[in-house]
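Note sheet for the following structure.
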Amino acid sequence: MKTKITLKQIAAQLGYSVSTVSKALTNSPEISDDTKRRISEFAQLSNYKPNSMAQNLKRQRTNTIGVIIPNILNPFFAKVFSGIEKYANAKGYNIITYISNESLNKEIQAIDLLSNGAVDGFILSIAEETQKRNEFSHFQEVIKDNMPIVMFDRISDSVDCDKVIVDDYDSAVHATQHLINMGCKRIALLTCEANISISQLRKNGYLDTLNVNNISIDDDLIITTNSIEEYDQKLENLIQNIKIDGIFALDEHASTLAMKLAVKKGFKIPEELQIVGFADGAWSRRLTPSLATISQHGPQIGEEAAKLLIDRIEKKSEKNVYKTTIIKTELRYRDSVKK
């Protein structure tokens with residue numbers, strides 16, 4: 001293995017000052033092209049590697065992004081993370097990931113730990129407990145200290161920062177309208193993530209679409225809870241005892257369990273019961289019949305969030321002018337709906 005050479009050694013061997021060598025290797029306009037070429041070729045042949053820590057200290061940047069995700073088991077967040085990582089790595093940034101596990105305290109711990117010089121900014125989706133308690137002061141304090149934040153998916157309107165969201169309301173309208181167009185008149189709404197902001201947007205889209213189509217709202221067809229155990233019990237009663245011909249589920253657990261239970265109870269899908277779920281994890285494609293879903297394009301959300309944050313870190317964004325990017329979803333028609 002070659003021994004690494006230093007700037008001082010390059011300067012001594014080529015007869016330049018250390019300052020000239022440093023400027024040449026950072027493509028400074030003060031140095032002639034011939035000198036840049038000579039120094040760069042010598043540095044490459046000599047196995048020169050820049051001291052990234054020293055460079056970061058000089059720039060007052062770590063070139064590291066903190067990513068806080070509520071639940072790593074959710075395929076959507078894994079897809080978003082892949083998009084963040086792809087864009088950040090291409091721009092020369094590293095990533096430190098923290099899982100809040102839907103906990104406000106863990107989210108605060110992550111912010112406190114990483115904002116003390118470890119990262120240049122945060123990309124995050126708000127924990128369920130944080131949204132339930134409407135507690136966002138830890139984000140606002142970080143932003144006051146000039147640490148940029150980009151929120152995605154689960155956001156707060158009370159926090160001034162860049163955001164990346166999907167068209168949750170419009171997606172719900174589209175999915176509900178498709179079920180109605182395919183003949184459904186008694187459409188159940190299901191979620192076991194009722195506390196998070198996106199669930200309310202999706203529910204509003206469902207309710208408004210029923211109203212537009214003059215379909216009365218039946219509370220017996222709506223299951224909105226934050227407990228998986230409670231959801232499972234209510235779903236069993238719904239499938240077993242209440243007449244339905246359509247299901248719109250707002251999260252992956254709700255949709256996959258509804259599909260499995262409906263098949264188990266003897267429903268013919270999609271002839272007797274049509275189902276659309278939100279999110280597009282592996283379970284949706286592997287179910288039999290396959291589940292129609294609204295795809296949120298997670299990697300695209302991640303790339304856009306990383307771009308917004310890096311632009312903010314590198315001062316390419318206008319100060320105190322924040323951008324909200326809306327990523328369009330896609331209804332993927334599979335075997336659980338009529339086409």
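Ligands are numbered from 1 in the order shown, chains are lettered A, B, ... in the order of the structure tokens, and residues start at 1 in each chain.
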(request) Excluding segment 141-145 of chain A and any residue of its chain fewer than 5 positions from it, enumerate the residues within 12 Å of it, using only C-alpha atoms, and give them as an NGL selection string. (result) :A and (108 or 110-117 or 119-122 or 135-136 or 150 or 159-162 or 312 or 319-320)
(message) Could you list, as a ChimeraX atom specification, every residue within 9 Å of Asp153 of chain A, counting only C-alpha atoms and ignoring same-chain residues fewer than 4 positions away?
(response) /A:124-126,163-166,197-198,301
(message) If you run DSSP on the backbone here, which positions in segment 176-274 of chain A get strand (DSSP E)? Please write them as a ChimeraX atom specification.
(response) /A:187-191,222-224,246-249,274
At most 12 Å is the cut-off: for each residue in segment 77-129 of chain A with any atom that close to an atom of segment 281-284 of chain A, write down the nearest atom pair and the distance in Å rounded to one decimal, counting only C-alpha atoms, chain first then increasing number, as CSV.
residue,atom,partner,partner_atom,distance
A:Phe77,CA,A:Gly281,CA,10.3
A:Ala78,CA,A:Gly281,CA,9.9
A:Lys79,CA,A:Gly281,CA,9.2
(request) Compare A:Ile155, A:Val173, A:Leu287, A:Leu190 by their minimum atom-to-atom distance to Ile239 of chain A, counting only C-alpha atoms, and give me the closest one. (result)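 Closest residue, counting only C-alpha atoms: A:Leu190.
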(request) State, in Å with one decimal place, the distance from atom CA of Glu330 of chain A to atom CA of Glu252 of chain A. (result) 15.5 Å
(message) Residues within 8 Å of Gly302 of chain A, please, as a PyMOL selection string. Count only C-alpha atoms; anything in the same chain fewer than 2 positions from it doesn't count.
(response) chain A and resi 79-85+298-300+304-306
(message) One decimal, in Å: what's the spacing between atom CA of Pro270 of chain A and atom CA of Thr288 of chain A?
(response)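 Interatomic distance, atom CA of Pro270 of chain A to atom CA of Thr288 of chain A: 11.4 Å.
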Residue contacts of Gln13 of chain A (10 Å, only C-alpha atoms) excluding same-chain residues fewer than 4 positions away, as a PDB file with N, CA, C and O atoms, in the first residue's frame:
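As written to disk, out.pdb reads:
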ATOM      1  N   LYS A   8       2.476  19.545   1.998  1.00  0.00           N
ATOM      2  CA  LYS A   8       3.816  20.094   2.239  1.00  0.00           C
ATOM      3  C   LYS A   8       4.879  19.348   1.431  1.00  0.00           C
ATOM      4  O   LYS A   8       5.789  19.966   0.850  1.00  0.00           O
ATOM      5  N   GLN A   9       4.726  18.031   1.349  1.00  0.00           N
ATOM      6  CA  GLN A   9       5.680  17.229   0.588  1.00  0.00           C
ATOM      7  C   GLN A   9       5.565  17.483  -0.913  1.00  0.00           C
ATOM      8  O   GLN A   9       6.569  17.547  -1.626  1.00  0.00           O
ATOM      9  N   PHE A  42       0.845  15.159 -10.489  1.00  0.00           N
ATOM     10  CA  PHE A  42       1.811  14.690  -9.497  1.00  0.00           C
ATOM     11  C   PHE A  42       1.099  14.170  -8.244  1.00  0.00           C
ATOM     12  O   PHE A  42       1.474  13.123  -7.691  1.00  0.00           O
TER      13      PHE A  42
END
(message) For Ile10 of chain A, find every residue with an atom within 12 Å (counting only C-alpha atoms), except residues of its own chain fewer than 2 positions away, and show them as a count of residues only.
(response) 30
(request) Enter the distance from atom CA of Thr256 of chain A to atom CA of Ala188 of chain A, in Å, rounded to one decimal. (result)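 Between atom CA of Thr256 of chain A and atom CA of Ala188 of chain A the gap works out to 14.2 Å.
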(request) DSSP on the backbone, then: every residue of segment 19-73 of chain A marked helix (DSSP H, G or I), written as number ranges by chain. (result) A: 19-25, 33-45, 52-59
(request) Pick out the residues sitting within 7 Å of Leu250 of chain A, and hand them over as a list in words; count only C-alpha atoms, and ignore anything fewer than 4 positions along from it in its own chain. (result)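 Near Leu250 of chain A, the qualifying residues are Leu190, Thr191, Ser199, Arg202, Ala254, Gly277 and Phe278 of chain A.
Distances here use only C-alpha atoms; by that measure, the residue among A:Val321, A:Phe248, A:Gln177, A:Glu303 closest to Asn214 of chain A is A:Gln177.
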(request) Would you kindly return, as a VMD selection string, each protein, DNA or RNA residue with an atom no farther than 8 Å from any atom of Leu201 of chain A, considering only C-alpha atoms and excluding same-chain residues fewer than 4 positions away? (result) chain A and resid 168 to 169 197 205
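Of the residues listed (A:Gln131, A:Glu318, A:Ile326, A:Leu309), A:Leu309 shows the shortest atom-to-atom separation from Met147 of chain A; distances use only C-alpha atoms.
Nearest to Ile244 of chain A of all the residues A:Gln274, A:Ser216, A:Ser336, A:Thr225 is A:Gln274, counting only C-alpha atoms.
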